[in-house]
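Colleague: Provided herewith is a single structure, encoded as structure tokens, for subsequent inquiry.
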Amino acid sequence: MAEYSKQRGAGVVIEALAKRYGEVEALAPTDLTVQSGEFFSLIGPSGSGKSTLLGCIAGFVPPSAGRILVNGADIVAVPPYRRNIGMVFQNYSLFPHMSVAENIAFPLRMRKLPPGEIAGRVERILSVVRLPGMGDRAPSQLSGGQQQRVALARAAVYDPPLLLMDEPLGALDKNLREEMQYEIKQFHRAIGATVLYVTHDQEEAATMSDRIAILNHGRIEQAGEPRALYEQPRNAFVASFLGDANLFEVRRVDGAIADRIAVETSDGLRLVATHAPVTVARLVACIRPEAIRLGNDPERTGETNVIDGVVADVVHAAGSVRTRVSVGDRLVTVRAATQRNVTGWRVGEAVRMAWHPRDTLLIPKE
Amino acid sequence: MARSVDAARPWTISRGHAWLLAAPLVFLAIFFLWPLARVVVRGFVDPALGLGNYARIFGDGPYLRVIWNTIETAAAVTAICLVVAYPVAYVMARARGAWLQIMAALIVIPLWTSVVIRSYAWMVVFQRRGVLNDLLLGLGLVDTPVRFLPGSIGVHVGMVHIMLPFMILPLVANMRGIDQTLLRAAEILGANPFNAFLRVFLPLSLPGINAGVALVFMTSLGFFITPALLGGPQHMMAAVLIEQQANVYLNWGLASALASTLLVVTLAIYLFYLRVTGGAAGTAIGR
């Protein structure tokens with residue numbers, strides 16, 4: 001990455017921001033604080049309100065209520081063209097009738113910068129996004145990845161303290177997407193702006209973000225660092241949205257001895273957890289696939305959760321093997337790193353699953 | 001946008017299917033090319049071999065003035081159509097559902113009515129004791145009826161009315177293809193709505209403008225019924241003059257020479273236009 005004038009990102013505070021379309025609540029009153037310079041992702045299924053939230057910040061969606069403070073100033077009443085926010089769109093939205101350089105110069109021309117400075121800035125940012133000398137090309141002459149880099153350059157060339165990205169990698173294929181994730185991270189470090197990143201890809205969000213907010217039905221279910229969300233999901237939705245999760249509905253809490261607590265699931269399994277259960281009516285036990293170990297020796301110390309099942313299928317993916325074990329009429333997913341010279345389990349084989357009580361997370365169903 | 005470029009690429013005919021064109025080609029040869037060739041030839045041989053007819057046209061007579069008036073009228077009609085049609089198309093391109101259907105119907109339904117009837121309708125409006133004069137007299141704006149007919153106002157209004165759909169429809173087709181997020185992108189990048197329109201929407205609508213302008217201008221050059229009914233001798237257009245020379249004065253040679261001149265002028269303007277717009281007019285019509 002070339003040298004680039006780094007500047008401080010904006011702090012963003014969202015207060016009770018809401019959007020209603022008639023009877024439909026696209027965004028429930030929402031509070032959110034994004035730190036200066038943070039890479040913050042909004043994830044959730046389609047219709048979860050993440051795009052509405054981004055649209056409100058960009059100024060395309062007038063909120064029904066609430067405030068959006070950027071560096072302490074409320075921008076709700078400010079039209080988009082005076083917000084000084086950068087934005088990258090899913091389909092790049094490069095102007096097809098302008099060259100790459102003209103596209104990048106556009107926001108600078110709108111700001112009436114002198115032509116000499118515009119040319120210098122365009123050249124500098126083209127080298128930041130590793131497209132030097134490409135200024136005269138038409139956007140249509142570039143590959144998808146190159147177009148996205150031009151879009152990044154155009155969104156950042158005027159040093160906006162806040163950069164919005166709306167599924168910027170959605171149109172790219174998997175390999176290119178992973179490469180661009182890395183590039184966007186590098187770019188973020190180079191420019192220092194605060195980034196608000198919308199995606200429906202939880203893996204992408206987990207890879208790139210300092211913090212993530214998971215949205216569902218127009219509200220933020222949980223916000224925090226990717227690892228914290230994975231290890232301490234607030235509810236079943238968060239647990240299943242971020243990574244894979246084996247979820248068992250809890251029918252009855254049997255009682256606690258010391259820090260152990262035994263529960264019975266709706267399919268009659270007895271599980272042991274270390275957590276004190278949350279005081280809500282409906283609990284779910286969540287066990288991550290990589291916490292479960294497969295074996296056939298019953299004497300495994302410390303692992304008080306033991307369930308017997310039959311191997312239903314085995315899938316070898318890059319670097320890991322996913323085994324699904326049928327227990328009664330449900331499937332439990334187990335994931336382990338692929339080991340050299342160790343053959344996996346065969347379909348139809350009887351197998352014993354075991355895991356430590358601390359890996360049984362008791363969380364509210366909703 | 002790359003996809004729309006692909007869509008604009010003309011399809012080609014495979015050799016095995018070229019015979020499908022035989023029937024229309026024979027038809028065109030018999031009923032278009034042959035008579036056209038006879039007209040061009042007649043301009044040079046009737047009543048006598050030579051450039052006599054062209055000498056008359058490019059001499060002192062009224063002929064050159066009529067041709068110039070034709071170009072001027074066609075240009076004015078095209079300009080007015082563009083100015084009126086652009087905002088209509090802009091609104092229509094954004095309309096959805098029932099509104100779009102209503103607007104489309106309002107534009108297409110007049111096309112079902114014959115040009116003759118619509119031109120007569122304008123006569124009813126513009127004549128001495130017509131709707132417009134009644135209104136002006138009733139409001140006390142004038143003391144005596146204004147003499148609109150025959151004259152240029154009627155011709156212009158009538159022609160604009162008839163040509164308007166041919167400007168609106170290519171514009172709408174083009175504008176509906178313009179990606180709306182480009183305008184959002186322009187705004188978040190710092191362009192106020194006026195600049196977003198001027199620097200993004202307007203340039204992207206140029207193919208539609210080119211198509212509409214070419215269509216309306218070329219058609220207007222050959223307009224006959226409306227100027228014949230509303231124009232009179234003060235505002236004569238080439239087609240009316242040609243018809244008069246052929247049917248009234250039986251100057252077939254002169255009429256042929258005039259028709260050839262109009263054809264060459266039209267072709268010349270079209271080629272010039274293609275040159276200026278970089279061929280966009282031709283491709284835009286094909287869309």
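Chain labels A, B, ... are given in the sequence in which chains occur in the structure tokens; within each chain residues are numbered consecutively from 1, and ligands are likewise numbered from 1 in the order shown.
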Near chain A, which residues of chain B fall within 10 Å when you count only C-alpha atoms, and what do they look like as a PyMOL selection string?
Modeller: chain B and resi 1-3+5+179-193+195-196+199-201+203-204
Colleague: Tell me, as a ChimeraX atom specification, which residues lie within 10 Å of Thr261 (chain B), counting only C-alpha atoms; anything in the same chain fewer than 4 positions away does not count.
Modeller: /B:40,43,54,57,64,67,238,255-257,265-267
Colleague: Only C-alpha atoms, please: the residues just picked out, written as a short mmCIF file (atom, residue, chain, number, x, y, z; two decimals), in the first residue's frame.
Modeller:
data_model
loop_
_atom_site.label_atom_id
_atom_site.label_comp_id
_atom_site.auth_asym_id
_atom_site.auth_seq_id
_atom_site.Cartn_x
_atom_site.Cartn_y
_atom_site.Cartn_z
CA VAL B 40 -34.63 10.73 -59.42
CA GLY B 43 -35.89 15.14 -62.24
CA TYR B 54 -32.49 22.12 -60.41
CA ILE B 57 -35.09 25.13 -57.53
CA LEU B 64 -35.39 27.08 -51.93
CA ILE B 67 -37.05 23.76 -48.42
CA ALA B 238 -41.61 20.68 -49.03
CA ALA B 255 -41.77 17.75 -58.41
CA SER B 256 -39.30 14.88 -58.91
CA ALA B 257 -36.32 17.22 -58.60
CA VAL B 265 -30.96 17.02 -47.65
CA THR B 266 -32.50 14.51 -45.23
CA LEU B 267 -29.71 12.00 -45.83
#
Colleague: Can you tell me, as an NGL selection string, which residues in region 28-247 of chain A count as strand (DSSP E) by DSSP?
Modeller: :A and (28-34 or 39-43 or 65-70 or 73-74 or 86-88 or 162-166 or 194-199 or 211-216 or 219-224 or 246-247)
Colleague: So which residues of region 80-229 of chain B fall under alpha helix (DSSP H) by DSSP, listed as a ChimeraX atom specification?
Modeller: /B:80-94,97-112,115-126,131-138,152-176,180-188,193-196,202-204,206-221,225-229
Colleague: Report the distance between CA of Gly348 (chain A) and CA of Ala336 (chain A) in Å, rounded to one decimal place.
Modeller: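 If I compute the distance from CA of Gly348 (chain A) to CA of Ala336 (chain A), I get 18.8 Å.
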Colleague: Can you tell me how far CA of Leu202 (chain B) sits from CA of Ala153 (chain A), in Å to one decimal?
Modeller: 24.3 Å
Colleague: Write out as a list of chain:residue names each polymer residue whose atoms come within 10 Å of Trp252 (chain B), counting only C-alpha atoms; drop sequence neighbours fewer than 5 positions from it.
Modeller: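 What passes the distance filter is B:Val39, B:Arg42, B:Gly43, B:Asp46, B:Pro47, B:Asn53, B:Ile242, B:Glu243, B:Gln244, B:Gln245, B:Ala246, B:Asn247, B:Ala257, B:Leu258.
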Colleague: For the selection just defined, write its residues with all heavy atoms to a file, as a tab-separated table (two decimals), in the first residue's frame.
Modeller:
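For reference, result.tsv as written:
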chain	number	residue	atom	x	y	z
B	39	VAL	N	-38.18	8.51	-60.01
B	39	VAL	CA	-38.34	9.90	-59.58
B	39	VAL	C	-37.05	10.66	-59.78
B	39	VAL	O	-37.04	11.76	-60.34
B	39	VAL	CB	-38.80	9.96	-58.10
B	39	VAL	CG1	-38.63	11.37	-57.55
B	39	VAL	CG2	-40.24	9.51	-57.96
B	42	ARG	N	-36.40	11.19	-63.43
B	42	ARG	CA	-37.35	12.14	-64.02
B	42	ARG	C	-36.94	13.59	-63.73
B	42	ARG	O	-37.15	14.48	-64.55
B	42	ARG	CB	-38.76	11.88	-63.49
B	42	ARG	CG	-39.84	12.62	-64.28
B	42	ARG	CD	-41.20	12.47	-63.63
B	42	ARG	NE	-41.84	11.19	-63.93
B	42	ARG	CZ	-42.59	10.96	-65.00
B	42	ARG	NH1	-42.80	11.92	-65.87
B	42	ARG	NH2	-43.12	9.79	-65.18
B	43	GLY	N	-36.33	13.80	-62.59
B	43	GLY	CA	-35.89	15.14	-62.24
B	43	GLY	C	-34.88	15.70	-63.23
B	43	GLY	O	-34.75	16.92	-63.37
B	46	ASP	N	-37.25	15.42	-67.41
B	46	ASP	CA	-38.61	15.91	-67.68
B	46	ASP	C	-38.68	17.39	-67.29
B	46	ASP	O	-38.36	17.72	-66.14
B	46	ASP	CB	-39.60	15.06	-66.85
B	46	ASP	CG	-41.06	15.39	-67.16
B	46	ASP	OD1	-41.29	16.34	-67.94
B	46	ASP	OD2	-41.92	14.72	-66.61
B	47	PRO	N	-39.03	18.31	-68.13
B	47	PRO	CA	-39.52	18.12	-69.49
B	47	PRO	C	-38.40	17.96	-70.51
B	47	PRO	O	-38.66	17.52	-71.63
B	47	PRO	CB	-40.28	19.42	-69.75
B	47	PRO	CG	-39.58	20.43	-68.90
B	47	PRO	CD	-39.11	19.71	-67.69
B	53	ASN	N	-34.56	21.64	-64.03
B	53	ASN	CA	-35.38	21.65	-62.83
B	53	ASN	C	-34.59	22.16	-61.62
B	53	ASN	O	-35.10	22.92	-60.80
B	53	ASN	CB	-35.90	20.26	-62.55
B	53	ASN	CG	-36.93	19.82	-63.59
B	53	ASN	OD1	-37.75	20.65	-64.02
B	53	ASN	ND2	-36.87	18.57	-64.00
B	242	ILE	N	-44.35	19.77	-53.23
B	242	ILE	CA	-44.15	18.69	-54.20
B	242	ILE	C	-45.50	18.20	-54.70
B	242	ILE	O	-45.72	18.03	-55.91
B	242	ILE	CB	-43.34	17.52	-53.57
B	242	ILE	CG1	-41.90	17.98	-53.28
B	242	ILE	CG2	-43.34	16.30	-54.48
B	242	ILE	CD1	-41.13	17.06	-52.36
B	243	GLU	N	-46.42	18.00	-53.77
B	243	GLU	CA	-47.75	17.52	-54.15
B	243	GLU	C	-48.42	18.51	-55.09
B	243	GLU	O	-49.02	18.13	-56.09
B	243	GLU	CB	-48.59	17.31	-52.88
B	243	GLU	CG	-49.92	16.63	-53.10
B	243	GLU	CD	-51.07	17.61	-53.36
B	243	GLU	OE1	-50.90	18.83	-53.17
B	243	GLU	OE2	-52.14	17.14	-53.76
B	244	GLN	N	-48.27	19.79	-54.77
B	244	GLN	CA	-48.87	20.84	-55.59
B	244	GLN	C	-48.30	20.83	-57.01
B	244	GLN	O	-49.05	20.86	-57.99
B	244	GLN	CB	-48.53	22.18	-54.93
B	244	GLN	CG	-49.65	23.19	-55.03
B	244	GLN	CD	-49.29	24.43	-54.23
B	244	GLN	OE1	-48.21	25.01	-54.43
B	244	GLN	NE2	-50.17	24.82	-53.34
B	245	GLN	N	-46.97	20.76	-57.11
B	245	GLN	CA	-46.32	20.73	-58.42
B	245	GLN	C	-46.76	19.51	-59.22
B	245	GLN	O	-46.97	19.59	-60.42
B	245	GLN	CB	-44.80	20.74	-58.27
B	245	GLN	CG	-44.22	22.05	-57.76
B	245	GLN	CD	-44.52	23.23	-58.69
B	245	GLN	OE1	-44.62	23.08	-59.91
B	245	GLN	NE2	-44.70	24.41	-58.11
B	246	ALA	N	-46.89	18.38	-58.55
B	246	ALA	CA	-47.23	17.14	-59.25
B	246	ALA	C	-48.70	17.11	-59.64
B	246	ALA	O	-49.05	16.84	-60.79
B	246	ALA	CB	-46.88	15.94	-58.39
B	247	ASN	N	-49.60	17.43	-58.68
B	247	ASN	CA	-51.02	17.22	-58.92
B	247	ASN	C	-51.75	18.43	-59.46
B	247	ASN	O	-52.75	18.29	-60.15
B	247	ASN	CB	-51.70	16.77	-57.62
B	247	ASN	CG	-51.33	15.34	-57.28
B	247	ASN	OD1	-50.73	14.64	-58.11
B	247	ASN	ND2	-51.68	14.92	-56.09
B	257	ALA	N	-37.58	16.59	-59.00
B	257	ALA	CA	-36.32	17.22	-58.60
B	257	ALA	C	-36.43	17.70	-57.15
B	257	ALA	O	-35.48	17.57	-56.36
B	257	ALA	CB	-35.99	18.38	-59.54
B	258	LEU	N	-37.59	18.25	-56.79
B	258	LEU	CA	-37.79	18.71	-55.41
B	258	LEU	C	-37.72	17.53	-54.44
B	258	LEU	O	-37.08	17.61	-53.38
B	258	LEU	CB	-39.15	19.40	-55.28
B	258	LEU	CG	-39.22	20.87	-55.72
B	258	LEU	CD1	-40.67	21.32	-55.86
B	258	LEU	CD2	-38.47	21.76	-54.75
Colleague: Need the shell around Thr52 (chain A): protein/DNA/RNA residues with any atom at most 8 Å away, counting only C-alpha atoms. Skip same-chain ones fewer than 3 positions apart. Format as a list in words?
Modeller: Lys19, Ala26, Leu27, Gly49, Gly55, Cys56 and Val61 of chain A
Colleague: Quick one: write out the picked residues with N, CA, C and O atoms as an mmCIF file, in the first residue's frame?
Modeller:
data_model
loop_
_atom_site.group_PDB
_atom_site.id
_atom_site.type_symbol
_atom_site.label_atom_id
_atom_site.label_comp_id
_atom_site.auth_asym_id
_atom_site.auth_seq_id
_atom_site.Cartn_x
_atom_site.Cartn_y
_atom_site.Cartn_z
ATOM 1 N N LYS A 19 -37.332 3.480 11.744
ATOM 2 C CA LYS A 19 -37.947 3.722 10.439
ATOM 3 C C LYS A 19 -39.178 2.842 10.290
ATOM 4 O O LYS A 19 -39.122 1.618 10.453
ATOM 5 N N ALA A 26 -39.446 -1.220 9.756
ATOM 6 C CA ALA A 26 -38.215 -1.673 9.111
ATOM 7 C C ALA A 26 -37.043 -1.610 10.079
ATOM 8 O O ALA A 26 -36.123 -2.408 10.006
ATOM 9 N N LEU A 27 -37.110 -0.633 10.981
ATOM 10 C CA LEU A 27 -36.050 -0.493 11.973
ATOM 11 C C LEU A 27 -36.693 -0.057 13.280
ATOM 12 O O LEU A 27 -37.274 1.026 13.364
ATOM 13 N N GLY A 49 -33.119 -5.095 8.479
ATOM 14 C CA GLY A 49 -33.011 -3.679 8.812
ATOM 15 C C GLY A 49 -31.607 -3.119 8.645
ATOM 16 O O GLY A 49 -31.393 -1.929 8.818
ATOM 17 N N GLY A 55 -28.967 3.101 4.989
ATOM 18 C CA GLY A 55 -29.630 4.121 4.174
ATOM 19 C C GLY A 55 -29.920 5.387 4.972
ATOM 20 O O GLY A 55 -29.824 6.500 4.451
ATOM 21 N N CYS A 56 -30.285 5.227 6.243
ATOM 22 C CA CYS A 56 -30.545 6.382 7.108
ATOM 23 C C CYS A 56 -29.263 7.184 7.308
ATOM 24 O O CYS A 56 -29.267 8.416 7.273
ATOM 25 N N VAL A 61 -32.645 7.304 3.196
ATOM 26 C CA VAL A 61 -33.858 6.873 3.883
ATOM 27 C C VAL A 61 -34.108 7.849 5.033
ATOM 28 O O VAL A 61 -33.319 7.900 5.968
#
Colleague: Hey, what's within 12 Å of Arg288 (chain A) if we count only C-alpha atoms and toss same-chain stuff fewer than 4 positions away? As a list in words, please?
Modeller: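 Listed by chain and then number, they are Tyr230, Glu231, Gln232, Pro233, Ala239, Ser240, Leu242, Gly243, Asp244, Ala245, Asn246, Leu247, Phe248, Ile292, Arg293, Val332, Thr333, Val334, Arg335, Ala336, Trp355, His356, Arg358, Asp359, Thr360 and Leu361 of chain A.
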Colleague: Restricting the calculation to only C-alpha atoms: of B:Met103, B:Ile71, B:Ala55, B:Leu229, which residue gets closest to Gly151 (chain B)?
Modeller: B:Leu229
